$ cat work.pdb   # PDB, C-alpha atoms and all ligand atoms
ATOM      1  CA  LEU A  29     -52.000 -53.016 -80.554
ATOM      2  CA  ALA A  30     -54.914 -55.107 -79.373
ATOM      3  CA  ALA A  31     -53.435 -55.020 -75.871
ATOM      4  CA  ILE A  32     -53.136 -51.218 -75.976
ATOM      5  CA  ALA A  33     -56.700 -50.853 -77.249
ATOM      6  CA  ALA A  34     -58.002 -53.119 -74.481
ATOM      7  CA  ALA A  35     -56.086 -51.202 -71.846
ATOM      8  CA  THR A  36     -57.441 -47.888 -73.149
ATOM      9  CA  THR A  37     -61.012 -49.191 -73.018
ATOM     10  CA  LEU A  38     -60.539 -50.462 -69.494
ATOM     11  CA  CYS A  39     -59.096 -47.139 -68.420
ATOM     12  CA  ALA A  40     -61.913 -45.169 -70.012
ATOM     13  CA  ALA A  41     -64.504 -47.462 -68.408
ATOM     14  CA  GLY A  42     -62.786 -46.990 -65.063
ATOM     15  CA  LEU A  43     -62.866 -43.212 -65.405
ATOM     16  CA  ALA A  44     -66.511 -43.221 -66.458
ATOM     17  CA  GLY A  45     -67.353 -45.442 -63.488
ATOM     18  CA  ARG A  46     -65.597 -43.085 -61.110
ATOM     19  CA  ALA A  47     -67.246 -40.022 -62.625
ATOM     20  CA  GLN A  48     -70.690 -41.624 -62.281
ATOM     21  CA  ALA A  49     -70.189 -42.520 -58.654
ATOM     22  CA  ALA A  50     -68.720 -39.134 -57.636
ATOM     23  CA  GLU A  51     -67.419 -39.606 -54.151
ATOM     24  CA  LYS A  52     -69.515 -38.517 -51.181
ATOM     25  CA  ILE A  53     -67.437 -36.688 -48.607
ATOM     26  CA  VAL A  54     -68.350 -36.141 -44.971
ATOM     27  CA  LEU A  55     -66.114 -33.573 -43.278
ATOM     28  CA  LYS A  56     -65.750 -34.134 -39.560
ATOM     29  CA  ALA A  57     -65.403 -30.764 -37.807
ATOM     30  CA  GLY A  58     -64.826 -30.068 -34.120
ATOM     31  CA  HIS A  59     -64.504 -26.926 -31.986
ATOM     32  CA  ALA A  60     -64.392 -25.797 -28.354
ATOM     33  CA  ALA A  61     -67.254 -23.271 -28.295
ATOM     34  CA  SER A  62     -70.957 -23.899 -27.604
ATOM     35  CA  THR A  63     -73.744 -24.399 -30.152
ATOM     36  CA  SER A  64     -75.081 -20.869 -29.573
ATOM     37  CA  ASN A  65     -71.717 -19.377 -30.528
ATOM     38  CA  THR A  66     -71.133 -17.594 -33.836
ATOM     39  CA  GLY A  67     -68.343 -20.047 -34.721
ATOM     40  CA  HIS A  68     -70.728 -22.993 -34.484
ATOM     41  CA  GLN A  69     -73.377 -21.113 -36.467
ATOM     42  CA  ALA A  70     -70.743 -20.416 -39.101
ATOM     43  CA  LEU A  71     -69.816 -24.096 -39.416
ATOM     44  CA  GLU A  72     -73.526 -24.879 -39.913
ATOM     45  CA  HIS A  73     -73.670 -22.159 -42.560
ATOM     46  CA  LEU A  74     -70.569 -23.586 -44.264
ATOM     47  CA  ALA A  75     -72.126 -27.064 -44.239
ATOM     48  CA  LYS A  76     -75.267 -25.747 -45.975
ATOM     49  CA  GLU A  77     -73.257 -23.837 -48.574
ATOM     50  CA  LEU A  78     -71.044 -26.824 -49.321
ATOM     51  CA  ALA A  79     -74.014 -29.134 -49.701
ATOM     52  CA  ALA A  80     -75.767 -26.633 -51.974
ATOM     53  CA  LYS A  81     -72.690 -26.155 -54.163
ATOM     54  CA  THR A  82     -72.001 -29.897 -54.549
ATOM     55  CA  ASP A  83     -75.543 -31.308 -54.887
ATOM     56  CA  GLY A  84     -75.315 -32.698 -51.384
ATOM     57  CA  ARG A  85     -72.106 -34.624 -52.067
ATOM     58  CA  ILE A  86     -69.987 -32.782 -49.488
ATOM     59  CA  THR A  87     -71.562 -32.638 -46.053
ATOM     60  CA  MET A  88     -70.299 -31.922 -42.568
ATOM     61  CA  GLU A  89     -70.637 -33.467 -39.146
ATOM     62  CA  ILE A  90     -70.056 -30.868 -36.427
ATOM     63  CA  PHE A  91     -68.898 -31.645 -32.881
ATOM     64  CA  PRO A  92     -69.083 -28.612 -30.516
ATOM     65  CA  ASN A  93     -68.074 -28.134 -26.843
ATOM     66  CA  SER A  94     -64.611 -29.747 -27.044
ATOM     67  CA  GLN A  95     -66.276 -33.143 -27.742
ATOM     68  CA  LEU A  96     -63.311 -34.027 -29.980
ATOM     69  CA  GLY A  97     -60.732 -32.598 -27.575
ATOM     70  CA  SER A  98     -59.249 -29.314 -26.369
ATOM     71  CA  GLU A  99     -58.089 -26.753 -28.933
ATOM     72  CA  ARG A 100     -54.527 -28.064 -28.730
ATOM     73  CA  GLU A 101     -55.772 -31.636 -29.275
ATOM     74  CA  LEU A 102     -57.971 -30.468 -32.150
ATOM     75  CA  VAL A 103     -54.963 -28.988 -33.944
ATOM     76  CA  GLU A 104     -53.004 -32.215 -33.375
ATOM     77  CA  SER A 105     -55.964 -34.176 -34.751
ATOM     78  CA  ILE A 106     -55.963 -32.009 -37.881
ATOM     79  CA  GLN A 107     -52.276 -32.886 -38.362
ATOM     80  CA  LEU A 108     -52.947 -36.584 -37.814
ATOM     81  CA  GLY A 109     -56.055 -36.623 -40.001
ATOM     82  CA  ASN A 110     -58.404 -37.719 -37.202
ATOM     83  CA  VAL A 111     -60.415 -34.514 -37.566
ATOM     84  CA  ASP A 112     -60.935 -32.829 -40.968
ATOM     85  CA  MET A 113     -61.731 -29.267 -39.936
ATOM     86  CA  THR A 114     -61.649 -26.967 -36.935
ATOM     87  CA  PHE A 115     -61.399 -23.343 -35.904
ATOM     88  CA  VAL A 116     -59.219 -22.585 -32.892
ATOM     89  CA  SER A 117     -57.874 -19.522 -31.208
ATOM     90  CA  SER A 118     -54.709 -18.336 -32.960
ATOM     91  CA  ALA A 119     -53.116 -18.236 -29.487
ATOM     92  CA  VAL A 120     -53.004 -22.042 -29.469
ATOM     93  CA  LEU A 121     -51.384 -22.132 -32.920
ATOM     94  CA  GLY A 122     -48.277 -20.428 -31.499
ATOM     95  CA  ASN A 123     -47.431 -23.845 -30.026
ATOM     96  CA  PHE A 124     -47.301 -25.265 -33.566
ATOM     97  CA  ASN A 125     -45.817 -22.345 -35.464
ATOM     98  CA  LYS A 126     -44.199 -19.699 -33.275
ATOM     99  CA  GLU A 127     -44.855 -16.881 -35.764
ATOM    100  CA  PHE A 128     -48.448 -16.865 -34.517
ATOM    101  CA  PHE A 129     -47.201 -15.535 -31.160
ATOM    102  CA  ALA A 130     -46.875 -12.175 -32.925
ATOM    103  CA  LEU A 131     -50.673 -11.811 -32.751
ATOM    104  CA  ASP A 132     -50.666 -12.342 -28.962
ATOM    105  CA  ILE A 133     -48.950  -9.141 -27.849
ATOM    106  CA  PRO A 134     -51.528  -7.349 -25.698
ATOM    107  CA  PHE A 135     -52.836  -3.951 -26.796
ATOM    108  CA  LEU A 136     -51.476  -4.436 -30.309
ATOM    109  CA  PHE A 137     -54.752  -3.827 -32.140
ATOM    110  CA  LYS A 138     -56.828  -0.699 -31.556
ATOM    111  CA  ASP A 139     -59.865  -1.615 -33.608
ATOM    112  CA  ARG A 140     -61.299  -4.114 -36.093
ATOM    113  CA  ALA A 141     -60.178  -2.071 -39.099
ATOM    114  CA  SER A 142     -56.517  -2.563 -38.133
ATOM    115  CA  VAL A 143     -57.154  -6.238 -37.335
ATOM    116  CA  TYR A 144     -58.664  -6.904 -40.763
ATOM    117  CA  ARG A 145     -55.849  -4.953 -42.482
ATOM    118  CA  VAL A 146     -53.331  -7.300 -40.880
ATOM    119  CA  LEU A 147     -55.252 -10.574 -41.179
ATOM    120  CA  ASP A 148     -56.572 -10.091 -44.696
ATOM    121  CA  GLY A 149     -53.335  -8.568 -45.978
ATOM    122  CA  ASP A 150     -49.908 -10.067 -46.646
ATOM    123  CA  ILE A 151     -49.068 -10.637 -42.968
ATOM    124  CA  GLY A 152     -52.170 -12.640 -42.068
ATOM    125  CA  GLN A 153     -52.265 -14.568 -45.327
ATOM    126  CA  GLY A 154     -48.536 -15.334 -44.950
ATOM    127  CA  LEU A 155     -49.200 -16.690 -41.464
ATOM    128  CA  LEU A 156     -51.977 -18.952 -42.751
ATOM    129  CA  ALA A 157     -49.742 -20.210 -45.563
ATOM    130  CA  SER A 158     -46.908 -20.888 -43.105
ATOM    131  CA  LEU A 159     -49.064 -23.559 -41.471
ATOM    132  CA  ASP A 160     -48.371 -25.763 -44.512
ATOM    133  CA  LYS A 161     -44.979 -26.612 -43.056
ATOM    134  CA  VAL A 162     -46.574 -28.108 -39.942
ATOM    135  CA  GLY A 163     -49.116 -30.220 -41.823
ATOM    136  CA  ILE A 164     -52.104 -27.872 -41.565
ATOM    137  CA  LYS A 165     -53.965 -25.904 -44.222
ATOM    138  CA  GLY A 166     -55.294 -22.552 -42.974
ATOM    139  CA  VAL A 167     -58.111 -21.203 -45.136
ATOM    140  CA  ALA A 168     -59.633 -18.172 -43.378
ATOM    141  CA  TYR A 169     -59.791 -16.072 -40.251
ATOM    142  CA  TRP A 170     -63.046 -16.164 -38.384
ATOM    143  CA  GLU A 171     -63.577 -13.954 -35.366
ATOM    144  CA  ASN A 172     -63.594 -14.894 -31.706
ATOM    145  CA  GLY A 173     -63.120 -11.222 -30.923
ATOM    146  CA  PHE A 174     -61.643  -8.696 -28.538
ATOM    147  CA  ARG A 175     -60.924 -10.201 -25.156
ATOM    148  CA  GLN A 176     -61.949  -8.661 -21.816
ATOM    149  CA  LEU A 177     -60.907  -9.280 -18.218
ATOM    150  CA  THR A 178     -63.529 -10.935 -15.975
ATOM    151  CA  ASN A 179     -63.525 -11.963 -12.308
ATOM    152  CA  SER A 180     -65.657 -13.083  -9.381
ATOM    153  CA  LYS A 181     -64.293 -10.731  -6.700
ATOM    154  CA  LYS A 182     -64.503  -7.004  -7.469
ATOM    155  CA  VAL A 183     -64.385  -4.172  -9.981
ATOM    156  CA  ILE A 184     -60.908  -4.117 -11.528
ATOM    157  CA  LYS A 185     -59.644  -0.774 -12.800
ATOM    158  CA  SER A 186     -55.883  -1.108 -12.392
ATOM    159  CA  PRO A 187     -53.130  -3.718 -12.288
ATOM    160  CA  ALA A 188     -53.070  -3.159  -8.499
ATOM    161  CA  ASP A 189     -56.681  -4.463  -8.291
ATOM    162  CA  LEU A 190     -55.586  -7.625 -10.087
ATOM    163  CA  GLU A 191     -52.607  -8.279  -7.816
ATOM    164  CA  GLY A 192     -52.320 -11.956  -6.887
ATOM    165  CA  MET A 193     -55.650 -13.025  -8.451
ATOM    166  CA  LYS A 194     -55.671 -16.600  -9.726
ATOM    167  CA  MET A 195     -56.338 -16.246 -13.405
ATOM    168  CA  ARG A 196     -57.031 -18.710 -16.218
ATOM    169  CA  THR A 197     -55.287 -18.105 -19.526
ATOM    170  CA  MET A 198     -55.230 -20.011 -22.779
ATOM    171  CA  GLU A 199     -52.347 -22.417 -23.379
ATOM    172  CA  ASN A 200     -50.008 -19.696 -24.588
ATOM    173  CA  GLU A 201     -46.734 -18.616 -22.988
ATOM    174  CA  VAL A 202     -47.060 -15.003 -24.154
ATOM    175  CA  HIS A 203     -50.438 -14.630 -22.446
ATOM    176  CA  ILE A 204     -49.057 -16.185 -19.258
ATOM    177  CA  ALA A 205     -46.060 -13.815 -19.224
ATOM    178  CA  ALA A 206     -48.312 -10.828 -19.972
ATOM    179  CA  TRP A 207     -50.705 -11.502 -17.091
ATOM    180  CA  LYS A 208     -47.797 -12.069 -14.720
ATOM    181  CA  ALA A 209     -46.500  -8.655 -15.767
ATOM    182  CA  GLU A 210     -49.944  -7.212 -14.962
ATOM    183  CA  GLY A 211     -49.681  -8.609 -11.426
ATOM    184  CA  ALA A 212     -52.012 -11.614 -11.692
ATOM    185  CA  ASN A 213     -51.209 -15.220 -10.831
ATOM    186  CA  PRO A 214     -51.983 -16.884 -14.189
ATOM    187  CA  ALA A 215     -52.118 -20.548 -15.232
ATOM    188  CA  PRO A 216     -53.320 -22.209 -18.450
ATOM    189  CA  LEU A 217     -56.403 -24.438 -18.574
ATOM    190  CA  ALA A 218     -58.308 -26.058 -21.437
ATOM    191  CA  PHE A 219     -61.529 -24.155 -22.108
ATOM    192  CA  GLY A 220     -63.741 -27.207 -21.614
ATOM    193  CA  GLU A 221     -62.741 -27.331 -17.940
ATOM    194  CA  LEU A 222     -63.127 -23.632 -17.268
ATOM    195  CA  PHE A 223     -66.730 -23.319 -16.040
ATOM    196  CA  THR A 224     -66.183 -25.847 -13.238
ATOM    197  CA  ALA A 225     -62.833 -24.290 -12.320
ATOM    198  CA  LEU A 226     -64.452 -20.839 -12.012
ATOM    199  CA  GLN A 227     -67.394 -22.271 -10.082
ATOM    200  CA  GLN A 228     -65.109 -24.050  -7.623
ATOM    201  CA  GLY A 229     -62.903 -20.994  -7.177
ATOM    202  CA  THR A 230     -59.801 -22.648  -8.636
ATOM    203  CA  PHE A 231     -59.581 -19.413 -10.613
ATOM    204  CA  ASP A 232     -60.866 -15.936  -9.619
ATOM    205  CA  ALA A 233     -60.416 -14.391 -13.045
ATOM    206  CA  GLN A 234     -60.294 -15.259 -16.731
ATOM    207  CA  GLU A 235     -60.282 -13.340 -20.006
ATOM    208  CA  GLY A 236     -62.200 -13.679 -23.246
ATOM    209  CA  PRO A 237     -64.841 -12.095 -25.492
ATOM    210  CA  ILE A 238     -68.117 -11.029 -23.831
ATOM    211  CA  ASN A 239     -70.282 -13.154 -26.143
ATOM    212  CA  LEU A 240     -68.315 -16.283 -25.318
ATOM    213  CA  PHE A 241     -68.650 -15.482 -21.595
ATOM    214  CA  TYR A 242     -72.435 -15.283 -22.074
ATOM    215  CA  ASP A 243     -72.674 -18.440 -24.246
ATOM    216  CA  MET A 244     -70.830 -20.425 -21.580
ATOM    217  CA  LYS A 245     -73.019 -19.007 -18.754
ATOM    218  CA  PHE A 246     -69.910 -17.680 -16.977
ATOM    219  CA  ASN A 247     -72.191 -14.886 -15.667
ATOM    220  CA  GLU A 248     -73.515 -17.470 -13.172
ATOM    221  CA  VAL A 249     -70.072 -17.542 -11.526
ATOM    222  CA  GLN A 250     -68.344 -14.252 -12.488
ATOM    223  CA  LYS A 251     -69.953 -10.835 -11.907
ATOM    224  CA  TYR A 252     -67.347  -8.326 -13.063
ATOM    225  CA  ILE A 253     -66.140  -7.513 -16.559
ATOM    226  CA  THR A 254     -63.503  -4.874 -17.257
ATOM    227  CA  LYS A 255     -63.455  -3.793 -20.891
ATOM    228  CA  THR A 256     -59.752  -3.973 -21.645
ATOM    229  CA  ASN A 257     -59.902  -5.154 -25.299
ATOM    230  CA  HIS A 258     -56.393  -6.361 -24.529
ATOM    231  CA  VAL A 259     -56.101  -9.005 -27.256
ATOM    232  CA  TYR A 260     -58.007  -9.663 -30.466
ATOM    233  CA  SER A 261     -58.498 -13.401 -30.934
ATOM    234  CA  PRO A 262     -58.782 -14.554 -34.518
ATOM    235  CA  TRP A 263     -60.115 -18.008 -35.223
ATOM    236  CA  PRO A 264     -58.070 -19.469 -38.071
ATOM    237  CA  LEU A 265     -60.215 -22.004 -39.926
ATOM    238  CA  LEU A 266     -58.168 -25.143 -40.553
ATOM    239  CA  ILE A 267     -58.493 -28.206 -42.756
ATOM    240  CA  ASN A 268     -56.351 -31.333 -43.020
ATOM    241  CA  PRO A 269     -54.244 -30.722 -46.160
ATOM    242  CA  GLU A 270     -54.687 -34.261 -47.510
ATOM    243  CA  VAL A 271     -58.459 -33.967 -47.288
ATOM    244  CA  TYR A 272     -58.267 -30.697 -49.212
ATOM    245  CA  GLU A 273     -55.886 -32.121 -51.831
ATOM    246  CA  ARG A 274     -58.232 -35.061 -52.452
ATOM    247  CA  PHE A 275     -60.991 -32.638 -53.544
ATOM    248  CA  SER A 276     -61.428 -32.375 -57.314
ATOM    249  CA  ASP A 277     -60.590 -28.960 -58.812
ATOM    250  CA  ALA A 278     -64.290 -28.121 -58.954
ATOM    251  CA  ASP A 279     -64.758 -29.136 -55.309
ATOM    252  CA  LYS A 280     -61.746 -27.045 -54.252
ATOM    253  CA  LYS A 281     -63.324 -24.061 -55.961
ATOM    254  CA  ALA A 282     -66.709 -24.714 -54.327
ATOM    255  CA  PHE A 283     -65.061 -25.194 -50.936
ATOM    256  CA  LEU A 284     -63.023 -21.978 -51.086
ATOM    257  CA  GLN A 285     -66.040 -19.972 -52.252
ATOM    258  CA  ALA A 286     -68.197 -21.415 -49.455
ATOM    259  CA  VAL A 287     -65.454 -20.547 -46.950
ATOM    260  CA  LYS A 288     -65.244 -16.983 -48.304
ATOM    261  CA  ASP A 289     -69.022 -16.436 -48.078
ATOM    262  CA  THR A 290     -69.151 -17.966 -44.609
ATOM    263  CA  THR A 291     -66.280 -15.800 -43.374
ATOM    264  CA  ALA A 292     -68.234 -12.656 -44.264
ATOM    265  CA  TYR A 293     -71.330 -14.128 -42.566
ATOM    266  CA  GLN A 294     -69.420 -15.121 -39.394
ATOM    267  CA  ARG A 295     -67.643 -11.783 -39.007
ATOM    268  CA  GLU A 296     -70.945  -9.943 -39.292
ATOM    269  CA  LEU A 297     -72.496 -12.137 -36.584
ATOM    270  CA  ALA A 298     -69.423 -11.754 -34.369
ATOM    271  CA  GLN A 299     -69.415  -7.964 -34.670
ATOM    272  CA  LYS A 300     -72.894  -7.778 -33.106
ATOM    273  CA  ALA A 301     -72.516 -10.620 -30.611
ATOM    274  CA  ASP A 302     -70.770  -8.778 -27.755
ATOM    275  CA  GLU A 303     -73.337  -5.970 -27.635
ATOM    276  CA  LYS A 304     -76.214  -8.466 -27.581
ATOM    277  CA  ALA A 305     -74.544 -10.492 -24.838
ATOM    278  CA  GLU A 306     -73.888  -7.414 -22.708
ATOM    279  CA  ALA A 307     -77.542  -6.399 -22.932
ATOM    280  CA  ALA A 308     -78.575  -9.904 -21.853
ATOM    281  CA  MET A 309     -76.540  -9.843 -18.618
ATOM    282  CA  PRO A 310     -78.072  -7.173 -16.331
ATOM    283  CA  THR A 311     -76.519  -8.658 -13.182
ATOM    284  CA  VAL A 312     -72.945  -8.303 -14.450
ATOM    285  CA  THR A 313     -71.038  -5.087 -13.660
ATOM    286  CA  PHE A 314     -69.301  -3.778 -16.784
ATOM    287  CA  THR A 315     -66.433  -1.352 -16.260
ATOM    288  CA  SER A 316     -65.014   0.840 -19.017
ATOM    289  CA  LEU A 317     -61.560   2.301 -18.540
ATOM    290  CA  THR A 318     -60.370   5.840 -19.220
ATOM    291  CA  PRO A 319     -57.361   6.158 -21.574
ATOM    292  CA  GLU A 320     -55.160   6.767 -18.487
ATOM    293  CA  GLU A 321     -56.472   3.661 -16.715
ATOM    294  CA  LEU A 322     -55.930   1.589 -19.839
ATOM    295  CA  ALA A 323     -52.390   2.957 -20.169
ATOM    296  CA  ALA A 324     -51.598   1.623 -16.683
ATOM    297  CA  PHE A 325     -52.161  -1.876 -18.143
ATOM    298  CA  SER A 326     -50.663  -1.365 -21.604
ATOM    299  CA  SER A 327     -47.516   0.399 -20.363
ATOM    300  CA  ARG A 328     -46.432  -2.870 -18.697
ATOM    301  CA  MET A 329     -46.307  -4.697 -22.024
ATOM    302  CA  GLY A 330     -42.995  -3.318 -23.384
ATOM    303  CA  PRO A 331     -40.942  -6.327 -22.174
ATOM    304  CA  ILE A 332     -43.605  -8.693 -23.524
ATOM    305  CA  GLN A 333     -43.306  -7.169 -26.977
ATOM    306  CA  GLU A 334     -39.510  -7.582 -26.790
ATOM    307  CA  MET A 335     -39.919 -11.190 -25.639
ATOM    308  CA  VAL A 336     -42.184 -11.960 -28.609
ATOM    309  CA  LYS A 337     -39.826 -10.259 -31.057
ATOM    310  CA  LYS A 338     -36.985 -12.497 -29.868
ATOM    311  CA  LYS A 339     -39.160 -15.570 -29.948
ATOM    312  CA  VAL A 340     -40.570 -15.175 -33.455
ATOM    313  CA  GLY A 341     -37.495 -13.559 -35.041
ATOM    314  CA  GLY A 342     -37.660 -11.603 -38.302
ATOM    315  CA  ASP A 343     -39.660  -8.417 -38.616
ATOM    316  CA  ILE A 344     -43.222  -9.686 -38.314
ATOM    317  CA  VAL A 345     -43.937  -7.779 -35.073
ATOM    318  CA  ASP A 346     -42.685  -4.505 -36.575
ATOM    319  CA  ARG A 347     -44.749  -5.117 -39.699
ATOM    320  CA  ILE A 348     -47.884  -5.630 -37.607
ATOM    321  CA  VAL A 349     -47.192  -2.537 -35.504
ATOM    322  CA  ALA A 350     -46.762  -0.504 -38.721
ATOM    323  CA  GLU A 351     -50.255  -1.599 -39.875
ATOM    324  CA  THR A 352     -52.052  -0.800 -36.613
TER     325      THR A 352
HETATM  326  O1  LIG B 401     -60.560 -18.986 -24.208
HETATM  327  C1  LIG B 401     -60.309 -19.880 -25.043
HETATM  328  O2  LIG B 401     -59.711 -20.939 -24.736
HETATM  329  C2  LIG B 401     -60.706 -19.644 -26.490
HETATM  330  O3  LIG B 401     -61.083 -18.320 -26.642
HETATM  331  C3  LIG B 401     -61.848 -20.570 -26.928
HETATM  332  C4  LIG B 401     -63.097 -20.303 -26.172
HETATM  333  C5  LIG B 401     -61.505 -22.023 -26.749
HETATM  334  C6  LIG B 401     -62.182 -20.314 -28.372
HETATM  335  O4  LIG B 401     -61.119 -20.274 -29.214
END
$ encode --input "work.pdb" --output "structure tokens"
Amino acid sequence: LAAIAAATTLCAAGLAGRAQAAEKIVLKAGHAASTSNTGHQALEHLAKELAAKTDGRITMEIFPNSQLGSERELVESIQLGNVDMTFVSSAVLGNFNKEFFALDIPFLFKDRASVYRVLDGDIGQGLLASLDKVGIKGVAYWENGFRQLTNSKKVIKSPADLEGMKMRTMENEVHIAAWKAEGANPAPLAFGELFTALQQGTFDAQEGPINLFYDMKFNEVQKYITKTNHVYSPWPLLINPEVYERFSDADKKAFLQAVKDTTAYQRELAQKADEKAEAAMPTVTFTSLTPEELAAFSSRMGPIQEMVKKKVGGDIVDRIVAET
């Protein structure tokens, strides 16, 4: 009895000691965008919210500009536990969980309303949850945005204008196949190496959101943007699952609430960012396409859609198409 009593006291003292010295947690977060980007601003916002909700116990250290590696390396680091949090283009996640390729079919989404229906509904939330099986916890979708076609040579209004152009894509086989089908000569490159590659003429063209183009000063080396809106890039926000599971219940609640608030904040910033960036680049020629001109690009994507359907299996592509 005495032994049991002593053990109970020890245990209680241990618990009290632990409760008093509630653990300080520093979350190490990395990403590939610049500090002026909405994704970086959102991580700073998340850091403030987390600190406020936990009396400064949970803080964040943020490493922008691919300092902790390319997007692919960042995802691997999340799996290994070398990095605690990141947001990356969903296109890169297809290499880890092929179901994500379903989001990469060009001209799938017409507008943000259909994007949010898919991402915030069963399909998007199911995709985030499916990351569990590859050692990643997905907690939200931030917004990189609708991607546009940019180049250093000329106004592009048709696939014929793009013929043979050397074009950078993300590390994603669907994007590579799609741009080949459009007539370009595509190759993948990590984002951190892109400015120099465009400057040196290794690539004539690339594609991405207008605000990202502006943040990275690509307007110094590329003068033409065609508004194709060909792909919507979500930024899944990821955390190492063990780090999340080590949070107390109260910290999990605080974390998820901070993520929710920050997601609303980030999406609002992102929705305005392209317009602001366009206004700030008077020397860039922006080209809008008529529905017929756009159809010349989108009509080449039938085989790509079939390719993705085969690759991902199941009915996820059909379910997305039904929502858009
Ligand atoms: O173009 C890319 O590689 C991605 O859009 C980026 C900039 C790394 C953000 O996810």
$ residues_near_point --input "work.pdb" --point "(-52.1, -22.5, -45.0)" --cutoff "12 Å" --atoms "all atoms listed in the file" --output "list in words"
Asn125, Gly152, Gln153, Gly154, Leu155, Leu156, Ala157, Ser158, Leu159, Asp160, Lys161, Val162, Gly163, Ile164, Lys165, Gly166, Val167, Ala168, Tyr169, Pro264, Leu265, Leu266, Ile267, Asn268, Pro269 and Tyr272 of chain A
$ residues_near_ligand --input "work.pdb" --ligand "ligand LIG 401 (chain B)" --cutoff "7 Å" --atoms "only C-alpha atoms and all ligand atoms" --output "MDAnalysis selection string"
chainID A and resid 60:61 99 116:117 172 198 218:219 236 240 263
$ closest_atom_pairs --input "work.pdb" --of "range 176-277 of chain A" --to "range 133-138 of chain A" --cutoff "10 Å" --atoms "all atoms listed in the file" --output "Markdown table"
| residue | atom | partner | partner_atom | distance |
| --- | --- | --- | --- | --- |
| A:Val202 | CA | A:Ile133 | CA | 7.2 |
| A:His203 | CA | A:Ile133 | CA | 7.8 |
| A:Ala206 | CA | A:Pro134 | CA | 7.4 |
| A:Trp207 | CA | A:Pro134 | CA | 9.6 |
| A:Thr256 | CA | A:Phe135 | CA | 8.6 |
| A:Asn257 | CA | A:Phe135 | CA | 7.3 |
| A:His258 | CA | A:Phe135 | CA | 4.9 |
| A:Val259 | CA | A:Pro134 | CA | 5.1 |
| A:Tyr260 | CA | A:Phe137 | CA | 6.9 |
$ residues_around --input "work.pdb" --residues "range 284-300 of chain A" --least-positions-apart "5" --cutoff "8 Å" --atoms "all atoms listed in the file" --output "PDB file with C-alpha atoms, in the frame of the given file"
ATOM      1  CA  THR A  66     -71.133 -17.594 -33.836  1.00  0.00           C
ATOM      2  CA  GLY A  67     -68.343 -20.047 -34.721  1.00  0.00           C
ATOM      3  CA  GLN A  69     -73.377 -21.113 -36.467  1.00  0.00           C
ATOM      4  CA  ALA A  70     -70.743 -20.416 -39.101  1.00  0.00           C
ATOM      5  CA  HIS A  73     -73.670 -22.159 -42.560  1.00  0.00           C
ATOM      6  CA  LEU A  74     -70.569 -23.586 -44.264  1.00  0.00           C
ATOM      7  CA  GLU A  77     -73.257 -23.837 -48.574  1.00  0.00           C
ATOM      8  CA  LEU A  78     -71.044 -26.824 -49.321  1.00  0.00           C
ATOM      9  CA  VAL A 167     -58.111 -21.203 -45.136  1.00  0.00           C
ATOM     10  CA  ALA A 168     -59.633 -18.172 -43.378  1.00  0.00           C
ATOM     11  CA  TYR A 169     -59.791 -16.072 -40.251  1.00  0.00           C
ATOM     12  CA  TRP A 170     -63.046 -16.164 -38.384  1.00  0.00           C
ATOM     13  CA  GLU A 171     -63.577 -13.954 -35.366  1.00  0.00           C
ATOM     14  CA  ASN A 172     -63.594 -14.894 -31.706  1.00  0.00           C
ATOM     15  CA  GLY A 173     -63.120 -11.222 -30.923  1.00  0.00           C
TER      16      GLY A 173
END
$ residues_around --input "work.pdb" --residues "Gly97 in chain A" --least-positions-apart "3" --cutoff "9 Å" --atoms "all atoms listed in the file" --output "PDB file with C-alpha atoms, in the frame of the given file"
ATOM      1  CA  GLY A  58     -64.826 -30.068 -34.120  1.00  0.00           C
ATOM      2  CA  HIS A  59     -64.504 -26.926 -31.986  1.00  0.00           C
ATOM      3  CA  ALA A  60     -64.392 -25.797 -28.354  1.00  0.00           C
ATOM      4  CA  ASN A  93     -68.074 -28.134 -26.843  1.00  0.00           C
ATOM      5  CA  SER A  94     -64.611 -29.747 -27.044  1.00  0.00           C
ATOM      6  CA  ARG A 100     -54.527 -28.064 -28.730  1.00  0.00           C
ATOM      7  CA  GLU A 101     -55.772 -31.636 -29.275  1.00  0.00           C
ATOM      8  CA  LEU A 102     -57.971 -30.468 -32.150  1.00  0.00           C
ATOM      9  CA  SER A 105     -55.964 -34.176 -34.751  1.00  0.00           C
ATOM     10  CA  GLY A 220     -63.741 -27.207 -21.614  1.00  0.00           C
TER      11      GLY A 220
END
$ residues_around --input "work.pdb" --residues "Gly330 in chain A" --least-positions-apart "2" --cutoff "10 Å" --atoms "only C-alpha atoms" --output "ChimeraX atom specification"
/A:133-134,206,209,326-328,332-335
$ atom_distance --input "work.pdb" --atom1 "CA of Val111 in chain A" --atom2 "CA of Ala80 in chain A"
22.5 Å
$ closest_residue --input "work.pdb" --among "A:Tyr242, A:Glu320, A:Asp277, A:Gly149" --to "Glu303 in chain A" --atoms "all atoms listed in the file"
A:Tyr242
$ closest_residue --input "work.pdb" --among "A:Thr230, A:Ile238, A:Gly109, A:Ser98" --to "Lys56 in chain A" --atoms "only C-alpha atoms"
A:Gly109
$ closest_residue --input "work.pdb" --among "A:Gln234, A:Thr178, A:Thr352, A:Gln107" --to "Ser142 in chain A" --atoms "all atoms listed in the file"
A:Thr352
$ residues_around --input "work.pdb" --residues "Lys208 in chain A" --least-positions-apart "4" --cutoff "12 Å" --atoms "all atoms listed in the file" --output "NGL selection string"
:A and (187 or 190-197 or 201-204 or 212-215 or 325 or 328-329 or 331-332)
$ atom_distance --input "work.pdb" --atom1 "CA of Gln176 in chain A" --atom2 "CA of Leu96 in chain A"
26.7 Å
$ atom_distance --input "work.pdb" --atom1 "CA of Asp343 in chain A" --atom2 "CA of Phe124 in chain A"
19.2 Å
